[in-house]
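Just below is one structure, and these are the notes that go with it.
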Amino acid sequence: MWALVKEYYHKFGSPKHFYELTGKLLPWFAIPAVLCLVVGSVWGLAFAPADYQQGNSFRIMYIHVPAASLAMSVYVMMAVAGAIGLIWKIKMADMVAKSAAPIGAAFTLLALVTGAIWGKPTWGTWWVWDARLTSMLVMLFLYVGIISLQASFDSAKSAAKSSAVLAIVGLVNLPIIKYSVDWWNTLHQSASFTVSDKPAMPPEMYLPLIVMVFGYYFLFATLLMMITRCEILEREVRSRWVARVLLNRPLKKN
Amino acid sequence: MNPVRKKRLIVVFMIAFGAATIVGLMLFALSENLNLFFTPSQIANGEAPLEKRIRIGGLVLEDSVSRVKTGLVVEFVITDNVSHVTVNYEGILPDLFREGQGIVANGRLNQQGVFVADEVLAKHDENYMPPEAMEAMKNAGHPMEEEK
């Protein structure tokens, strides 16, 4: 058992193995991503019933909610990968953490922008400095800080180290985002979906949302693998297996 | 675990806990100031400053909205089911503004205890419903609050 764990650990830590494995896995994430996003957006944007108060403008939720939820999950994943890189000095974990940052930043921005577009007709304002919106903006700044830290070091090692520390410190922001709507009076409403209660909307409204959430997570996995693969090729450019990949030859010698 | 890694693991945990403690204490110290708005009860208790720009939030009391014949001046009462505050506002109200709806208003509380707002925002709750379902519920004499 232990030997197996150890073997897995070494294999997964090896960029070459990661490259081969993700090459095989990619279509299994890319195809469901496209399917879920197409089905979810057509269902949510065209067929789900309109809200009794907001009318059709509530439909932006199908873009906004999964983006916000994914942005937070990506942050946790990035910080954990960064911590693994710090503690066990696994290069692969550093590369995954680095690749996750721009994706997370993009989804945070998407959540903020769609939220503002929804806020204008619903609340009457694009932006308000309430705890939920502000903590989400702080997360965007954290992502931007991590991306800039990654870019500002010549050595990949020190870049990984410093950005992992920033990512770990920034983790405290996550419970603040999540519970801001419960701890303080905010303009942003509290969660419509909780573990304990049934959703605050009927199934014909939340089912498309669930499909969209799956679509977003599959999309993230696909993007993360693609960006990490590029990162691997860039870093391992001097190794012989990368030369074979770049010359379009099979990875294994026959 | 190898002692070097163990040390690094402890350092990582210490960073995370240290940051969490600092931020936790800061939030604890700031907790009241992080509220976006005062509730009518807080105003009744005199917690809100007079003649200073603040926000208040609550539900628009049923049958309390009255408009002046000319102009855009509107007066209504907001409540948290405990205390009431009269709000005076001149301007265009958001689409979602209606009696029973949560709102957040930005303005000043004058000496008479009337809140003079210069901005009114509608607060949406976490419930979503198709119009037909709302209609059916109304017909059954079943207000939304009892549904929960």
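If you're wondering about the labels, chains in the structure tokens are A, B, ... by order shown, residues count from 1 in each chain, ligands from 1 in order shown.
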
Residues near Asn81 in chain B, cut-off 12 Å, only C-alpha atoms, skip fewer than 6 positions along chain, as a ChimeraX atom specification: /B:39-41,58-62,100,102

Write the residues you've just listed into a file as an mmCIF file, in the first residue's frame, and include C-alpha atoms for each of them.
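Contents of the output file again_33.cif:
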data_model
loop_
_atom_site.group_PDB
_atom_site.id
_atom_site.type_symbol
_atom_site.label_atom_id
_atom_site.label_comp_id
_atom_site.auth_asym_id
_atom_site.auth_seq_id
_atom_site.Cartn_x
_atom_site.Cartn_y
_atom_site.Cartn_z
ATOM 1 C CA THR B 39 -31.663 49.000 10.958
ATOM 2 C CA PRO B 40 -34.730 50.933 12.207
ATOM 3 C CA SER B 41 -34.193 49.397 15.675
ATOM 4 C CA GLY B 58 -35.458 47.729 6.191
ATOM 5 C CA LEU B 59 -38.770 46.702 4.696
ATOM 6 C CA VAL B 60 -41.135 49.279 3.225
ATOM 7 C CA LEU B 61 -44.211 49.244 5.482
ATOM 8 C CA GLU B 62 -47.455 48.298 3.727
ATOM 9 C CA GLY B 100 -43.146 44.965 1.660
ATOM 10 C CA GLY B 102 -36.459 45.456 1.432
#

Test item: residues at most 12 Å from Ala48 in chain B, only C-alpha atoms, excluding those fewer than 6 positions along its chain, as a PyMOL selection string: chain B and resi 32-33+35+37-42+54-56+107-111+113+115

Could you give me, as a Markdown table, a per-residue list for chain B showing, wherever an atom lies at most 8 Å from an atom of chain A, the closest pair of atoms and their distance in Å to one decimal, using only C-alpha atoms and sorting by chain then residue number from low to high?
| residue | atom | partner | partner_atom | distance |
| --- | --- | --- | --- | --- |
| B:Arg5 | CA | A:Ile87 | CA | 5.5 |
| B:Lys6 | CA | A:Ile87 | CA | 7.8 |
| B:Arg8 | CA | A:Ile87 | CA | 5.2 |
| B:Leu9 | CA | A:Ile87 | CA | 5.6 |
| B:Val12 | CA | A:Ala83 | CA | 6.9 |
| B:Ile15 | CA | A:Val169 | CA | 6.6 |
| B:Ala16 | CA | A:Val169 | CA | 5.6 |
| B:Ala19 | CA | A:Val169 | CA | 5.7 |
| B:Ala20 | CA | A:Val172 | CA | 5.4 |
| B:Val23 | CA | A:Val172 | CA | 7.3 |
| B:Ser31 | CA | A:Trp184 | CA | 7.9 |
| B:Leu34 | CA | A:Trp184 | CA | 6.6 |
| B:Asn35 | CA | A:Asn185 | CA | 4.9 |
| B:Leu36 | CA | A:Thr186 | CA | 5.4 |
| B:Phe37 | CA | A:Asn185 | CA | 6.2 |
| B:Pro94 | CA | A:Gly124 | CA | 5.4 |
| B:Asp95 | CA | A:Thr122 | CA | 6.9 |
| B:Leu96 | CA | A:Thr122 | CA | 6.3 |
| B:Val104 | CA | A:Leu187 | CA | 7.2 |
| B:Val120 | CA | A:Gly124 | CA | 7.6 |
| B:Leu121 | CA | A:Trp123 | CA | 5.0 |
| B:Ala122 | CA | A:Trp123 | CA | 4.4 |
| B:Lys123 | CA | A:Leu187 | CA | 5.7 |
| B:His124 | CA | A:Gln189 | CA | 6.0 |
| B:Asp125 | CA | A:Gln189 | CA | 5.1 |
| B:Glu126 | CA | A:Ser192 | CA | 5.0 |
| B:Asn127 | CA | A:Ala200 | CA | 4.9 |
| B:Tyr128 | CA | A:Met201 | CA | 4.9 |
| B:Met129 | CA | A:Asp51 | CA | 5.2 |
| B:Pro130 | CA | A:Asp51 | CA | 4.7 |
| B:Pro131 | CA | A:Tyr52 | CA | 4.1 |
| B:Glu132 | CA | A:Tyr52 | CA | 7.8 |
| B:Met134 | CA | A:Tyr52 | CA | 6.8 |

Keeping only N, CA, C and O atoms, write the selected residues to a file as a CSV table (one decimal), in the first residue's frame.
chain,number,residue,atom,x,y,z
B,5,ARG,N,10.7,18.9,6.2
B,5,ARG,CA,9.3,19.1,5.6
B,5,ARG,C,8.3,19.4,6.8
B,5,ARG,O,7.5,20.2,6.6
B,6,LYS,N,8.5,18.7,7.9
B,6,LYS,CA,7.7,18.9,9.0
B,6,LYS,C,7.8,20.4,9.5
B,6,LYS,O,6.8,21.0,9.8
B,8,ARG,N,8.6,22.9,7.6
B,8,ARG,CA,8.0,23.8,6.6
B,8,ARG,C,6.5,23.7,6.8
B,8,ARG,O,5.8,24.7,6.6
B,9,LEU,N,6.0,22.5,7.1
B,9,LEU,CA,4.5,22.3,7.2
B,9,LEU,C,4.0,23.2,8.4
B,9,LEU,O,3.0,23.9,8.3
B,12,VAL,N,4.0,26.8,7.4
B,12,VAL,CA,2.8,27.2,6.5
B,12,VAL,C,1.6,27.3,7.4
B,12,VAL,O,0.8,28.3,7.3
B,15,ILE,N,1.7,30.6,9.3
B,15,ILE,CA,1.3,31.7,8.4
B,15,ILE,C,-0.2,31.8,8.3
B,15,ILE,O,-0.8,32.9,8.5
B,16,ALA,N,-0.8,30.7,8.0
B,16,ALA,CA,-2.3,30.7,7.8
B,16,ALA,C,-3.0,31.1,9.1
B,16,ALA,O,-3.9,32.0,9.1
B,19,ALA,N,-2.3,34.9,10.0
B,19,ALA,CA,-3.1,35.8,9.1
B,19,ALA,C,-4.5,35.7,9.6
B,19,ALA,O,-5.2,36.8,9.7
B,20,ALA,N,-5.0,34.5,9.9
B,20,ALA,CA,-6.4,34.4,10.2
B,20,ALA,C,-6.7,35.2,11.6
B,20,ALA,O,-7.7,35.8,11.7
B,23,VAL,N,-6.6,39.1,10.9
B,23,VAL,CA,-7.8,39.5,10.2
B,23,VAL,C,-9.0,39.4,11.1
B,23,VAL,O,-9.9,40.3,11.1
B,31,SER,N,-16.3,45.4,13.6
B,31,SER,CA,-17.5,44.8,13.2
B,31,SER,C,-18.7,45.7,13.0
B,31,SER,O,-19.4,45.5,12.0
B,34,LEU,N,-18.7,47.6,9.7
B,34,LEU,CA,-18.7,46.9,8.4
B,34,LEU,C,-20.1,46.7,8.0
B,34,LEU,O,-20.4,46.3,6.9
B,35,ASN,N,-21.1,47.1,8.8
B,35,ASN,CA,-22.5,47.0,8.4
B,35,ASN,C,-22.7,48.1,7.3
B,35,ASN,O,-22.3,49.2,7.5
B,36,LEU,N,-23.4,47.7,6.3
B,36,LEU,CA,-23.6,48.6,5.2
B,36,LEU,C,-24.7,49.7,5.7
B,36,LEU,O,-24.6,50.8,5.3
B,37,PHE,N,-25.6,49.2,6.5
B,37,PHE,CA,-26.7,50.1,6.9
B,37,PHE,C,-27.1,49.9,8.3
B,37,PHE,O,-26.8,48.9,8.9
B,94,PRO,N,-36.2,52.7,-7.7
B,94,PRO,CA,-35.8,51.5,-8.5
B,94,PRO,C,-37.0,50.7,-8.8
B,94,PRO,O,-38.0,50.7,-8.1
B,95,ASP,N,-36.9,49.9,-9.9
B,95,ASP,CA,-38.1,49.1,-10.4
B,95,ASP,C,-38.6,48.2,-9.3
B,95,ASP,O,-39.8,47.9,-9.2
B,96,LEU,N,-37.7,47.7,-8.4
B,96,LEU,CA,-38.1,46.7,-7.5
B,96,LEU,C,-38.7,47.3,-6.2
B,96,LEU,O,-39.1,46.6,-5.3
B,104,VAL,N,-32.5,49.8,0.8
B,104,VAL,CA,-31.4,50.5,1.5
B,104,VAL,C,-31.4,51.9,1.0
B,104,VAL,O,-31.4,52.1,-0.2
B,120,VAL,N,-32.1,55.7,-3.1
B,120,VAL,CA,-32.8,54.5,-2.6
B,120,VAL,C,-32.5,53.3,-3.5
B,120,VAL,O,-32.6,53.4,-4.7
B,121,LEU,N,-32.0,52.3,-2.8
B,121,LEU,CA,-31.6,51.0,-3.5
B,121,LEU,C,-32.6,49.9,-3.1
B,121,LEU,O,-32.9,49.9,-1.9
B,122,ALA,N,-33.0,49.1,-4.0
B,122,ALA,CA,-33.8,48.0,-3.6
B,122,ALA,C,-32.9,46.8,-3.2
B,122,ALA,O,-31.9,46.5,-3.9
B,123,LYS,N,-33.3,46.1,-2.1
B,123,LYS,CA,-32.5,45.0,-1.7
B,123,LYS,C,-33.3,43.7,-2.1
B,123,LYS,O,-34.5,43.6,-1.8
B,124,HIS,N,-32.6,42.9,-2.9
B,124,HIS,CA,-33.4,41.7,-3.3
B,124,HIS,C,-33.1,40.6,-2.3
B,124,HIS,O,-32.0,40.4,-1.8
B,125,ASP,N,-34.1,39.7,-2.0
B,125,ASP,CA,-33.9,38.6,-1.1
B,125,ASP,C,-33.4,37.4,-1.9
B,125,ASP,O,-33.3,37.4,-3.1
B,126,GLU,N,-33.2,36.3,-1.2
B,126,GLU,CA,-32.6,35.1,-1.8
B,126,GLU,C,-33.7,34.2,-2.5
B,126,GLU,O,-33.3,33.2,-3.0
B,127,ASN,N,-34.9,34.7,-2.5
B,127,ASN,CA,-36.0,33.8,-3.0
B,127,ASN,C,-36.3,34.2,-4.5
B,127,ASN,O,-36.4,35.4,-4.8
B,128,TYR,N,-36.4,33.2,-5.3
B,128,TYR,CA,-36.7,33.4,-6.7
B,128,TYR,C,-38.0,32.5,-7.0
B,128,TYR,O,-38.1,31.4,-6.4
B,129,MET,N,-38.9,33.0,-7.8
B,129,MET,CA,-40.1,32.3,-8.1
B,129,MET,C,-40.6,32.7,-9.5
B,129,MET,O,-40.6,33.9,-9.8
B,130,PRO,N,-41.2,31.7,-10.2
B,130,PRO,CA,-41.8,32.1,-11.4
B,130,PRO,C,-43.1,32.9,-11.1
B,130,PRO,O,-43.8,32.6,-10.1
B,131,PRO,N,-43.6,33.8,-12.0
B,131,PRO,CA,-44.8,34.6,-11.7
B,131,PRO,C,-46.0,33.7,-11.4
B,131,PRO,O,-46.9,34.0,-10.6
B,132,GLU,N,-46.2,32.6,-12.1
B,132,GLU,CA,-47.3,31.7,-12.0
B,132,GLU,C,-47.4,31.2,-10.6
B,132,GLU,O,-48.5,31.1,-10.0
B,134,MET,N,-46.2,32.5,-7.9
B,134,MET,CA,-46.5,33.6,-7.0
B,134,MET,C,-48.0,33.8,-7.0
B,134,MET,O,-48.7,33.9,-6.0

Using only C-alpha atoms: which of A:Phe141, A:Phe107, A:Trp127, A:Phe218 has the shortest distance to Leu25 in chain A: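 Among the listed residues, the smallest separation from Leu25 in chain A belongs to A:Phe218.
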
Which of chain B DSSP labels alpha helix (DSSP H), written as a ChimeraX atom specification: /B:3-30,40-44,131-139,144-147

Gap from CA of Leu247 in chain A to CA of Ala221 in chain A - Å, one decimal: 26.5 Å

Identify all residues of chain B in strand (DSSP E or B) (DSSP on the backbone) and supply them as a short mmCIF file (atom, residue, chain, number, x, y, z; two decimals) with C-alpha atoms, in the first residue's frame.
data_model
loop_
_atom_site.label_atom_id
_atom_site.label_comp_id
_atom_site.auth_asym_id
_atom_site.auth_seq_id
_atom_site.Cartn_x
_atom_site.Cartn_y
_atom_site.Cartn_z
CA PHE B 38 -28.43 50.82 10.18
CA ARG B 53 -24.37 60.62 5.86
CA ILE B 54 -25.50 57.10 6.72
CA ARG B 55 -27.43 54.27 5.16
CA ILE B 56 -30.52 52.68 6.61
CA GLY B 57 -32.17 49.45 5.55
CA GLY B 58 -35.46 47.73 6.19
CA LEU B 59 -38.77 46.70 4.70
CA VAL B 60 -41.14 49.28 3.22
CA SER B 66 -47.42 58.60 -0.13
CA ARG B 67 -46.50 60.90 -2.99
CA VAL B 73 -41.12 63.67 -3.58
CA VAL B 74 -42.20 60.46 -1.95
CA GLU B 75 -42.52 59.59 1.71
CA PHE B 76 -42.67 56.11 3.19
CA VAL B 77 -41.96 54.23 6.38
CA ILE B 78 -39.40 51.47 6.70
CA THR B 79 -39.56 48.87 9.40
CA HIS B 84 -40.26 52.36 12.24
CA VAL B 85 -38.42 55.18 10.50
CA THR B 86 -40.02 57.70 8.13
CA VAL B 87 -38.05 58.25 4.94
CA ASN B 88 -38.35 61.27 2.69
CA TYR B 89 -36.98 60.95 -0.84
CA GLU B 90 -37.00 62.99 -4.00
CA GLY B 102 -36.46 45.46 1.43
CA ILE B 103 -34.63 48.67 0.60
CA VAL B 104 -31.44 50.47 1.55
CA ALA B 105 -31.50 54.27 1.57
CA ASN B 106 -28.55 56.65 1.63
CA GLY B 107 -28.96 60.04 3.28
CA ARG B 108 -29.12 61.92 6.58
CA LEU B 109 -31.20 61.55 9.70
CA PHE B 115 -34.50 60.18 7.24
CA VAL B 116 -33.90 62.43 4.23
CA ALA B 117 -32.65 60.11 1.50
CA ASP B 118 -30.83 61.09 -1.65
CA GLU B 119 -30.52 57.53 -2.96
CA VAL B 120 -32.81 54.53 -2.60
CA LEU B 121 -31.62 51.03 -3.51
CA ALA B 122 -33.81 47.95 -3.62
CA LYS B 123 -32.52 44.96 -1.71
#

Nearest residue to Val211 in chain A from the set A:Tyr179, A:Tyr75, A:Tyr62, A:Trp241 (distances using only C-alpha atoms):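 For Val211 in chain A, the nearest of the given residues is A:Tyr62.
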
Residues within 10 Å of Val213 in chain A, only C-alpha atoms, excluding chain neighbours under 5 positions, as a ChimeraX atom specification: /A:33,36-37,40,62-63,65-67,69-70,207-208,218-219

Proximity to Val113 in chain A - best of A:Arg235, A:His64, A:Lys98, A:Arg244, only C-alpha atoms: A:His64

Long-range neighbours of Met72 in chain A as a count of residues only, 12 Å cut-off, only C-alpha atoms, 6 positions minimum in chain: 32

Separation of CA of Lys138 in chain B from CA of Ile92 in chain B in Å: 28.4 Å
